[in-house]
>>> print(open('work-v1.cif').read())   # mmCIF, C-alpha atoms
data_work
#
loop_
_atom_site.label_atom_id
_atom_site.label_comp_id
_atom_site.auth_asym_id
_atom_site.auth_seq_id
_atom_site.Cartn_x
_atom_site.Cartn_y
_atom_site.Cartn_z
CA MET D 1 88.04 61.43 142.72
CA ASP D 2 87.97 57.93 143.98
CA ALA D 3 90.15 56.94 141.09
CA GLU D 4 92.64 59.67 142.00
CA ARG D 5 92.67 58.66 145.61
CA SER D 6 93.44 55.13 144.54
CA GLY D 7 96.51 56.45 142.71
CA ARG D 8 95.26 56.08 139.14
CA ALA D 9 95.28 58.82 136.46
CA MET D 10 92.76 61.67 136.59
CA THR D 11 89.96 61.75 134.02
CA GLY D 12 89.25 64.78 131.86
CA THR D 13 86.27 65.69 134.01
CA ALA D 14 88.30 65.38 137.16
CA ILE D 15 90.97 67.62 135.70
CA ASP D 16 88.40 70.23 134.79
CA ARG D 17 86.89 70.04 138.24
CA GLU D 18 90.28 70.49 139.86
CA VAL D 19 91.15 73.44 137.63
CA ARG D 20 87.77 75.03 138.21
CA ALA D 21 88.12 74.71 141.93
CA ALA D 22 91.65 76.10 141.83
CA LEU D 23 90.52 79.13 139.84
CA ALA D 24 87.56 79.92 142.07
CA VAL D 25 89.49 82.69 143.73
CA ASP D 26 88.16 86.22 143.97
CA PRO D 27 90.29 89.34 143.98
CA SER D 28 90.70 91.26 147.19
CA PRO D 29 88.03 93.85 148.03
CA GLU D 30 90.56 96.61 147.45
CA PHE D 31 91.28 95.49 143.90
CA LEU D 32 88.57 97.56 142.18
CA ALA D 33 89.46 100.62 144.22
CA ARG D 34 93.10 100.26 143.25
CA VAL D 35 92.22 99.98 139.56
CA ARG D 36 89.98 103.05 139.76
CA THR D 37 92.71 105.03 141.47
CA GLU D 38 95.23 104.01 138.83
CA ILE D 39 92.87 104.95 136.02
CA ALA D 40 92.06 108.28 137.60
CA ALA D 41 95.76 109.08 137.49
CA GLN D 42 95.79 108.54 133.72
CA PRO D 43 95.60 111.59 131.44
CA PRO D 44 92.06 112.26 130.21
CA ALA D 45 91.18 110.98 126.80
CA VAL D 46 89.98 114.42 125.64
CA THR D 47 93.54 115.70 125.81
CA THR D 48 94.68 112.89 123.58
CA TRP D 49 91.97 113.69 121.03
CA LEU D 50 92.79 117.40 120.93
CA THR D 51 96.49 116.68 120.69
CA TRP D 52 95.86 114.43 117.71
CA LYS D 53 93.78 117.09 115.98
CA HIS D 54 96.33 119.79 116.69
CA ALA D 55 99.19 117.61 115.50
CA ALA D 56 97.36 116.94 112.23
CA ALA D 57 96.72 120.66 111.74
CA ALA D 58 100.35 121.49 112.49
CA VAL D 59 101.61 118.92 110.00
CA LEU D 60 99.24 120.28 107.34
CA ALA D 61 100.39 123.85 107.97
CA ALA D 62 104.03 122.77 107.76
CA ILE D 63 103.42 121.06 104.42
CA VAL D 64 101.72 124.16 103.01
CA ALA D 65 104.53 126.41 104.25
CA ALA D 66 107.16 124.13 102.74
CA ALA D 67 105.32 124.12 99.41
CA VAL D 68 105.19 127.94 99.39
CA VAL D 69 108.89 128.25 100.24
CA ILE D 70 109.88 125.75 97.56
CA SER D 71 107.75 127.34 94.84
CA ARG D 72 108.85 130.93 95.54
CA PRO D 73 112.37 130.84 93.97
CA GLN D 74 110.92 129.49 90.76
CA GLU D 75 108.58 132.44 90.49
CA LYS D 76 111.47 134.84 91.12
CA THR D 77 113.57 133.31 88.35
CA GLY D 78 110.64 133.47 85.99
CA GLY D 79 110.20 137.17 86.77
CA THR D 80 113.65 138.03 85.39
CA VAL D 81 112.69 137.07 81.89
CA ALA D 82 112.97 140.12 79.68
CA THR D 83 109.98 141.44 77.85
CA HIS D 84 110.02 142.44 74.22
CA ALA D 85 110.30 146.06 75.18
CA ASP D 86 113.49 145.38 77.14
CA ILE D 87 115.38 144.27 74.03
CA ARG D 88 116.63 147.20 72.05
CA LEU D 89 118.83 147.74 69.02
CA THR D 90 122.05 149.66 69.71
CA PRO D 91 123.65 152.03 67.18
CA ASP D 92 126.44 149.59 66.41
CA GLY D 93 123.99 147.00 65.27
CA SER D 94 123.87 144.70 68.29
CA ILE D 95 120.99 143.75 70.46
CA GLU D 96 121.18 144.75 74.09
CA GLN D 97 119.42 142.64 76.66
CA PRO D 98 118.77 143.28 80.33
CA ARG D 99 121.50 141.93 82.60
CA GLU D 100 119.26 139.45 84.44
CA THR D 101 118.07 137.85 81.24
CA ALA D 102 121.57 137.66 79.82
CA SER D 103 122.97 136.13 82.98
CA ALA D 104 120.21 133.57 83.04
CA GLY D 105 120.55 132.54 79.44
CA ASN D 106 124.08 133.63 78.49
CA SER D 107 127.05 133.49 80.80
CA ALA D 108 129.29 135.52 78.48
CA GLY D 109 127.72 138.88 79.23
CA SER D 110 124.75 141.11 78.80
CA ARG D 111 125.18 141.76 75.08
CA THR D 112 124.38 139.26 72.40
CA GLN D 113 125.45 139.82 68.84
CA LEU D 114 122.81 139.21 66.24
CA ASP D 115 125.23 136.94 64.41
CA GLN D 116 125.27 134.74 67.47
CA ALA D 117 121.56 134.02 67.25
CA PRO D 118 122.11 130.34 66.35
CA GLU D 119 124.39 130.00 69.37
CA ALA D 120 121.77 131.57 71.57
CA ARG D 121 119.25 129.17 70.18
CA ALA D 122 121.56 126.29 70.88
CA ARG D 123 122.14 127.55 74.42
CA ALA D 124 118.43 127.76 74.93
CA GLN D 125 118.04 124.19 73.73
CA ARG D 126 120.81 123.06 76.07
CA ALA D 127 119.29 124.91 78.99
CA ARG D 128 115.95 123.33 78.27
CA SER D 129 117.33 119.81 78.06
CA THR D 130 119.62 120.03 81.13
CA SER D 131 117.12 121.75 83.34
CA ALA D 132 116.23 119.65 86.39
CA THR D 133 113.19 121.48 87.61
CA GLY D 134 112.62 122.80 84.17
CA HIS D 135 110.04 125.49 84.79
CA SER D 136 112.10 128.66 85.19
CA THR D 137 114.84 127.70 82.76
CA GLN D 138 112.33 126.77 80.13
CA ALA D 139 110.69 130.13 80.52
CA VAL D 140 114.01 131.89 79.89
CA ALA D 141 114.83 129.66 76.94
CA THR D 142 111.45 130.25 75.38
CA ASN D 143 111.97 133.98 75.74
CA HIS D 144 115.34 133.71 73.99
CA LEU D 145 113.69 132.05 71.05
CA GLU D 146 111.08 134.76 70.95
CA SER D 147 113.73 137.49 70.80
CA ASP D 148 115.44 135.71 67.89
CA ILE D 149 112.19 135.58 66.00
CA LEU D 150 111.39 139.22 66.65
CA VAL D 151 114.48 140.51 64.76
CA ASP D 152 115.13 138.41 61.71
CA ARG D 153 118.76 137.71 61.02
CA ARG D 154 118.70 139.04 57.43
CA GLU D 155 116.82 142.12 58.46
CA ALA D 156 119.28 142.81 61.24
CA ARG D 157 122.21 142.39 58.89
CA ALA D 158 120.64 144.82 56.40
CA VAL D 159 120.13 147.40 59.13
CA ARG D 160 123.69 146.93 60.30
CA LEU D 161 125.08 147.35 56.78
CA LEU D 162 122.97 150.43 56.30
CA ILE D 163 124.30 152.01 59.49
CA ARG D 164 127.90 151.02 58.72
CA GLY D 165 127.71 152.32 55.13
CA THR D 166 126.27 155.59 56.28
CA ARG D 167 129.06 156.02 58.85
CA ASP D 168 132.00 155.31 56.52
CA GLY D 169 130.46 157.27 53.63
CA SER D 170 130.19 154.35 51.24
CA LEU D 171 126.47 154.78 51.13
CA ASP D 172 124.99 158.08 49.98
CA LEU D 173 121.60 158.68 51.44
CA SER D 174 121.35 162.31 50.33
CA ALA D 175 119.00 161.45 47.51
CA ALA D 176 116.77 159.64 49.89
CA LEU D 177 116.89 162.53 52.32
CA GLN D 178 116.06 165.07 49.57
CA ALA D 179 113.21 163.09 48.15
CA THR D 180 109.88 164.79 48.34
CA THR D 181 106.52 163.40 48.80
CA PRO D 182 104.94 162.63 45.37
CA THR D 183 102.18 165.02 44.42
CA VAL D 184 98.77 164.04 43.21
CA MET D 185 98.46 163.69 39.37
CA ASN D 186 96.42 166.28 37.49
CA LEU D 187 93.71 164.21 35.93
CA PRO D 188 91.14 165.60 33.45
CA PRO D 189 87.65 166.13 34.75
CA ILE D 190 85.35 163.20 34.40
CA ALA D 191 82.73 165.15 32.42
CA ASP D 192 85.19 165.74 29.53
CA ILE D 193 85.52 162.10 28.83
CA VAL D 194 83.34 160.97 25.96
CA ILE D 195 82.79 157.32 25.41
CA ALA D 196 81.56 156.47 21.92
CA PRO D 197 78.69 153.96 21.87
CA LEU D 198 79.52 150.55 20.64
CA SER D 199 78.05 149.59 17.25
CA ILE D 200 77.79 146.00 16.20
CA ASP D 201 76.93 145.09 12.64
CA PRO D 202 74.31 142.39 12.26
CA LEU D 203 75.38 139.07 10.85
CA THR D 204 74.18 138.29 7.32
CA PRO D 205 73.24 134.69 6.64
CA SER D 206 74.88 133.07 3.58
CA GLY D 207 73.51 129.90 2.01
CA GLU D 208 71.32 127.27 3.58
CA GLU D 209 70.89 126.96 7.28
CA GLY D 210 73.33 124.39 8.70
CA VAL D 211 75.47 124.44 5.59
CA ARG D 212 78.91 125.93 5.58
CA PRO D 213 79.53 128.63 3.01
CA MET U 1 85.94 129.04 114.27
CA THR U 2 84.92 131.49 116.98
CA VAL U 3 85.68 131.14 120.67
CA HIS U 4 82.06 130.21 121.39
CA GLU U 5 82.03 127.52 118.73
CA PHE U 6 85.26 126.08 120.07
CA ALA U 7 83.83 126.09 123.60
CA ASP U 8 80.70 124.29 122.37
CA ARG U 9 82.77 121.64 120.62
CA LEU U 10 84.95 121.21 123.68
CA ALA U 11 81.87 120.78 125.86
CA GLY U 12 80.60 118.14 123.46
CA VAL U 13 83.90 116.31 123.65
CA VAL U 14 83.84 116.42 127.43
CA ASN U 15 80.29 115.05 127.46
CA VAL U 16 81.32 112.20 125.20
CA ASP U 17 84.29 111.62 127.44
CA GLY U 18 82.02 111.43 130.49
CA GLN U 19 79.87 108.87 128.75
CA LEU U 20 82.96 106.84 127.94
CA GLU U 21 84.00 106.98 131.60
CA ARG U 22 80.64 105.55 132.65
CA GLU U 23 80.84 102.78 130.05
CA PHE U 24 84.33 101.89 131.16
CA GLU U 25 83.23 101.77 134.80
CA SER U 26 80.54 99.24 133.92
CA ARG U 27 83.05 97.13 131.95
CA LEU U 28 85.45 97.29 134.85
CA VAL U 29 82.87 96.04 137.33
CA GLU U 30 81.68 93.15 135.16
CA SER U 31 85.13 92.05 133.94
CA SER U 32 87.38 92.59 136.93
CA THR U 33 86.97 89.07 138.32
CA LEU U 34 87.53 87.52 134.89
CA ALA U 35 90.76 89.45 134.36
CA PHE U 36 91.97 88.61 137.85
CA ARG U 37 91.28 84.90 137.42
CA VAL U 38 92.99 84.77 134.03
CA ALA U 39 96.09 86.27 135.61
CA TYR U 40 95.74 83.99 138.62
CA GLY U 41 95.53 80.97 136.32
CA VAL U 42 99.03 81.78 135.15
CA LEU U 43 100.68 83.24 138.22
CA ARG U 44 98.73 81.58 141.06
CA HIS U 45 99.59 84.42 143.34
CA ARG U 46 96.89 86.79 144.44
CA GLN U 47 98.92 89.97 144.63
CA ASP U 48 100.76 89.37 141.37
CA ALA U 49 97.50 88.53 139.63
CA GLU U 50 95.92 91.74 140.87
CA ASP U 51 98.88 93.75 139.65
CA VAL U 52 98.70 92.20 136.21
CA ALA U 53 94.93 92.63 135.95
CA GLN U 54 95.27 96.26 136.99
CA GLU U 55 97.89 96.85 134.31
CA ALA U 56 95.58 95.29 131.72
CA PHE U 57 92.71 97.56 132.77
CA VAL U 58 94.90 100.63 132.47
CA LYS U 59 95.86 99.61 128.94
CA ALA U 60 92.21 98.95 128.15
CA TYR U 61 91.29 102.40 129.42
CA ARG U 62 93.81 104.01 127.10
CA SER U 63 92.31 102.20 124.12
CA PHE U 64 88.72 102.21 125.25
CA ARG U 65 87.45 104.28 122.31
CA GLN U 66 88.18 101.27 120.10
CA LEU U 67 86.88 98.75 122.69
CA ARG U 68 83.42 100.04 123.48
CA ASP U 69 81.71 96.87 122.32
CA ARG U 70 81.25 94.53 125.30
CA ASP U 71 82.36 91.30 123.61
CA ARG U 72 85.29 92.99 121.98
CA PHE U 73 86.32 94.51 125.28
CA ARG U 74 86.23 91.18 127.14
CA ALA U 75 88.16 89.37 124.43
CA TRP U 76 90.78 92.09 124.28
CA LEU U 77 91.04 92.19 128.08
CA VAL U 78 91.48 88.42 128.40
CA ARG U 79 94.18 88.27 125.76
CA MET U 80 96.01 91.27 127.16
CA THR U 81 95.84 89.93 130.72
CA TRP U 82 97.08 86.53 129.61
CA ARG U 83 100.01 88.05 127.74
CA LEU U 84 100.97 90.29 130.63
CA ALA U 85 100.74 87.38 133.07
CA ILE U 86 102.92 85.17 130.87
CA ASP U 87 105.45 87.99 130.58
CA ARG U 88 105.45 88.42 134.36
CA GLN U 89 105.90 84.70 134.93
CA ARG U 90 108.80 84.49 132.49
CA ALA U 91 110.44 87.52 134.02
CA ASP U 92 110.09 85.97 137.48
CA ARG U 93 111.64 82.74 136.27
CA ARG U 94 114.51 84.56 134.56
CA ARG U 95 115.17 86.54 137.72
CA ALA U 96 115.07 83.37 139.81
CA ALA U 97 117.45 81.64 137.40
CA ARG U 98 119.84 84.59 137.58
CA GLU U 99 119.82 84.38 141.34
CA GLY U 100 120.66 80.69 141.17
CA HIS U 101 117.41 79.46 142.62
CA ALA U 102 116.03 77.84 139.52
CA GLU U 103 115.37 74.50 141.13
CA ARG U 104 113.84 75.98 144.23
CA SER U 105 111.72 78.31 142.10
CA THR U 106 110.25 75.41 140.11
CA ASN U 107 109.17 73.72 143.27
CA ALA U 108 107.96 77.00 144.68
CA ASP U 109 105.75 77.53 141.60
CA ALA U 110 103.92 74.35 142.39
CA LEU U 111 103.61 75.17 146.06
CA ARG U 112 102.73 78.80 145.35
CA PHE U 113 99.16 77.81 144.62
CA GLU U 114 96.84 79.09 147.30
CA PRO U 115 94.25 76.36 147.73
CA PRO U 116 90.68 77.24 148.58
CA ALA U 117 89.26 76.15 151.92
CA ALA U 118 87.98 72.80 150.57
CA LEU U 119 91.50 71.73 149.61
CA GLU U 120 93.23 72.55 152.81
CA ASP U 121 94.33 69.02 153.53
CA LEU U 122 97.73 67.85 152.51
CA ALA U 123 96.60 65.33 149.87
CA ALA U 124 94.53 67.87 148.05
CA ARG U 125 97.36 70.35 148.19
CA GLU U 126 99.75 67.83 146.72
CA ARG U 127 97.29 66.92 144.00
CA ALA U 128 96.75 70.56 143.07
CA GLY U 129 100.50 71.11 142.96
CA ARG U 130 100.86 68.24 140.51
CA LEU U 131 98.01 69.49 138.40
CA TRP U 132 99.43 72.98 138.08
CA ALA U 133 102.87 71.70 137.36
CA ALA U 134 101.33 69.70 134.50
CA ILE U 135 99.40 72.74 133.25
CA ASP U 136 102.55 74.86 133.36
CA ALA U 137 104.28 72.27 131.21
CA LEU U 138 101.72 72.75 128.43
CA PRO U 139 102.42 75.02 125.47
CA ASP U 140 100.82 78.46 125.85
CA LYS U 141 98.14 77.89 123.22
CA LEU U 142 96.92 74.74 125.03
CA ARG U 143 97.32 76.23 128.45
CA VAL U 144 95.13 79.25 127.76
CA VAL U 145 92.35 77.03 126.45
CA VAL U 146 92.38 74.89 129.60
CA VAL U 147 92.27 77.93 131.90
CA LEU U 148 89.59 79.83 129.98
CA SER U 149 87.32 76.82 129.55
CA ASN U 150 87.24 76.45 133.34
CA LEU U 151 86.47 80.10 134.06
CA GLU U 152 82.98 81.53 134.63
CA GLY U 153 81.28 78.57 132.97
CA HIS U 154 82.73 79.29 129.55
CA ASP U 155 81.88 76.78 126.85
CA VAL U 156 83.81 76.17 123.65
CA ARG U 157 82.00 78.97 121.84
CA ASP U 158 82.83 81.49 124.56
CA VAL U 159 86.48 80.49 124.56
CA ALA U 160 86.59 80.73 120.77
CA ARG U 161 85.12 84.22 120.92
CA LEU U 162 87.52 85.34 123.62
CA LEU U 163 90.57 84.06 121.75
CA GLY U 164 89.36 84.97 118.28
CA LEU U 165 89.70 81.37 117.11
CA PRO U 166 87.37 78.97 115.29
CA GLU U 167 85.39 76.67 117.60
CA GLY U 168 86.92 73.60 115.97
CA THR U 169 90.38 74.83 116.82
CA VAL U 170 89.40 75.37 120.44
CA LYS U 171 87.85 71.91 120.64
CA SER U 172 90.91 70.18 119.25
CA ARG U 173 93.24 72.17 121.49
CA LEU U 174 91.14 71.36 124.52
CA PHE U 175 91.16 67.67 123.67
CA LEU U 176 94.91 67.69 123.13
CA ALA U 177 95.49 69.60 126.35
CA ARG U 178 93.46 67.12 128.39
CA GLN U 179 95.30 64.21 126.85
CA ARG U 180 98.64 65.69 127.71
CA LEU U 181 97.51 66.56 131.23
CA LYS U 182 96.36 63.01 131.82
CA GLU U 183 99.66 61.63 130.58
CA GLN U 184 101.63 64.10 132.62
CA LEU U 185 99.67 63.44 135.80
CA GLN U 186 99.92 59.68 135.32
CA TRP U 187 103.66 60.02 134.91
CA MET U 188 103.91 62.22 137.97
CA GLN U 189 101.90 59.78 140.06
CA SER U 190 104.03 56.86 138.94
CA ASP U 191 107.21 58.84 139.61
CA PRO U 192 106.56 61.39 142.36
CA ALA U 193 110.26 62.10 142.77
CA GLY U 194 110.41 63.29 139.23
CA ARG U 195 108.55 66.48 140.02
#
>>> encode(input="work-v1.cif", output="structure tokens")
Amino acid sequence: MDAERSGRAMTGTAIDREVRAALAVDPSPEFLARVRTEIAAQPPAVTTWLTWKHAAAAVLAAIVAAAVVISRPQEKTGGTVATHADIRLTPDGSIEQPRETASAGNSAGSRTQLDQAPEARARAQRARSTSATGHSTQAVATNHLESDILVDRREARAVRLLIRGTRDGSLDLSAALQATTPTVMNLPPIADIVIAPLSIDPLTPSGEEGVRP
Amino acid sequence: MTVHEFADRLAGVVNVDGQLEREFESRLVESSTLAFRVAYGVLRHRQDAEDVAQEAFVKAYRSFRQLRDRDRFRAWLVRMTWRLAIDRQRADRRRAAREGHAERSTNADALRFEPPAALEDLAARERAGRLWAAIDALPDKLRVVVVLSNLEGHDVRDVARLLGLPEGTVKSRLFLARQRLKEQLQWMQSDPAGR
């Protein structure tokens, strides 16, 4: 301090001493009381904890609800796929499908000609490839392929020709209609059959053994 | 969960909360002077320093679940108080500059220091004013080291722990800060009108 008083620069120790002395100030006696009052006015921590837990539960419930809502339309679309029993053969030789299935897989209408089976297959392939979500459309497409397999094209054509020929009279089925069930053949009784015993003549050796005759 | 189970859990939470309140009260009692002095080291105004320290304690209370450890609490409190005090000082200076009293405010900062009883004489008051003007001219990272190292008998290790810095960094910053203070004070003494 003598050095300072004489006007020269302060040393590091002198600086520290000055700073220490300058900071040796205590807060007012009311300071702690003021802080306690301010803190008492704050919301309790338990509320914050419960709010956090409730917010997490609410977010979880919202996610589950959103997942259910999003997945429901897919299930509904999948439910419109026709079963095998829904596809029936009409008298004019075409296959009739339920309207929902036809509208899902074929925009032309509810009836699909058997001759158009390759087109239906192609449509199913297209629907499968262009499907964004894929699940429901694939289910419909797969069902289309199954219906094509169930009624073979050649078989369907034969049935159609049969029906058409019968209608226009070019095919006479009277013989088939008059045909009777074949009767059982009259076979002789088993006891009357005589089987003669087999007789085998013994071989006679000729010449030396091992020598050809 | 039944109503009784929920009530039991709530009671447990409230008990834990009461324990936290008691822990915070003990931290408040043991750290209140430290927080006040940190703020005072920046602002050098008793009322402003108390306001800043109070704000820091409120923030600490809100985050006390993560600050239950004593050392962690003190370090967090010191850093938060320092930051709030610096923000308050800058805001005061900006407001003073807007009002066109920048020059008067600079001088007022130096004279704002409330000297303890031992420094009541004019020479001591002038010397303290110069010292604080020199400390204010330091960069923040040097300034905080000077203030903290002169609080509550902190050594280099304590300051390093409070600031979350390596001891070597604190040592070098303290050395650099003292050098600059000496130069600044020498310059001020040789040119008193330059203040």
>>> interface_residues(input="work-v1.cif", of="chain D", to="chain U", cutoff="6 Å", atoms="all atoms listed in the file", output="number ranges by chain")
D: 9, 12, 20, 35, 39
>>> atom_distance(input="work-v1.cif", atom1="CA of Val151 in chain D", atom2="CA of Gly165 in chain D")
20.2 Å
>>> atom_distance(input="work-v1.cif", atom1="CA of Val159 in chain D", atom2="CA of Ala176 in chain D")
15.7 Å
>>> atom_distance(input="work-v1.cif", atom1="CA of Leu142 in chain U", atom2="CA of Arg88 in chain U")
18.6 Å
>>> closest_residue(input="work-v1.cif", among="U:Arg79, U:His45, U:Arg143, U:Arg125", to="Leu163 in chain U", atoms="only C-alpha atoms")
U:Arg79
>>> build_atoms(input="work-v1.cif", residues="range 29-40 of chain D", atoms="N, CA and C atoms", output="compact mmCIF listing (two decimals), in the coordinates of the input")
# COMPACT_ATOMS: atom_id res chain seq x y z
N PRO D 29 89.03 92.77 148.12
CA PRO D 29 88.03 93.85 148.03
C PRO D 29 88.64 95.19 147.60
N GLU D 30 89.92 95.33 147.82
CA GLU D 30 90.56 96.61 147.45
C GLU D 30 90.94 96.66 145.96
N PHE D 31 90.78 95.54 145.28
CA PHE D 31 91.28 95.49 143.90
C PHE D 31 90.61 96.54 143.02
N LEU D 32 89.28 96.60 143.04
CA LEU D 32 88.57 97.56 142.18
C LEU D 32 88.97 98.99 142.53
N ALA D 33 89.09 99.26 143.80
CA ALA D 33 89.46 100.62 144.22
C ALA D 33 90.85 100.97 143.70
N ARG D 34 91.75 100.00 143.75
CA ARG D 34 93.10 100.26 143.25
C ARG D 34 93.09 100.54 141.75
N VAL D 35 92.30 99.76 141.01
CA VAL D 35 92.22 99.98 139.56
C VAL D 35 91.64 101.36 139.27
N ARG D 36 90.59 101.73 139.99
CA ARG D 36 89.98 103.05 139.76
C ARG D 36 90.98 104.17 140.06
N THR D 37 91.73 104.01 141.11
CA THR D 37 92.71 105.03 141.47
C THR D 37 93.78 105.15 140.38
N GLU D 38 94.21 104.00 139.88
CA GLU D 38 95.23 104.01 138.83
C GLU D 38 94.70 104.67 137.55
N ILE D 39 93.46 104.37 137.23
CA ILE D 39 92.87 104.95 136.02
C ILE D 39 92.64 106.44 136.18
N ALA D 40 92.27 106.85 137.37
CA ALA D 40 92.06 108.28 137.60
C ALA D 40 93.36 109.06 137.43
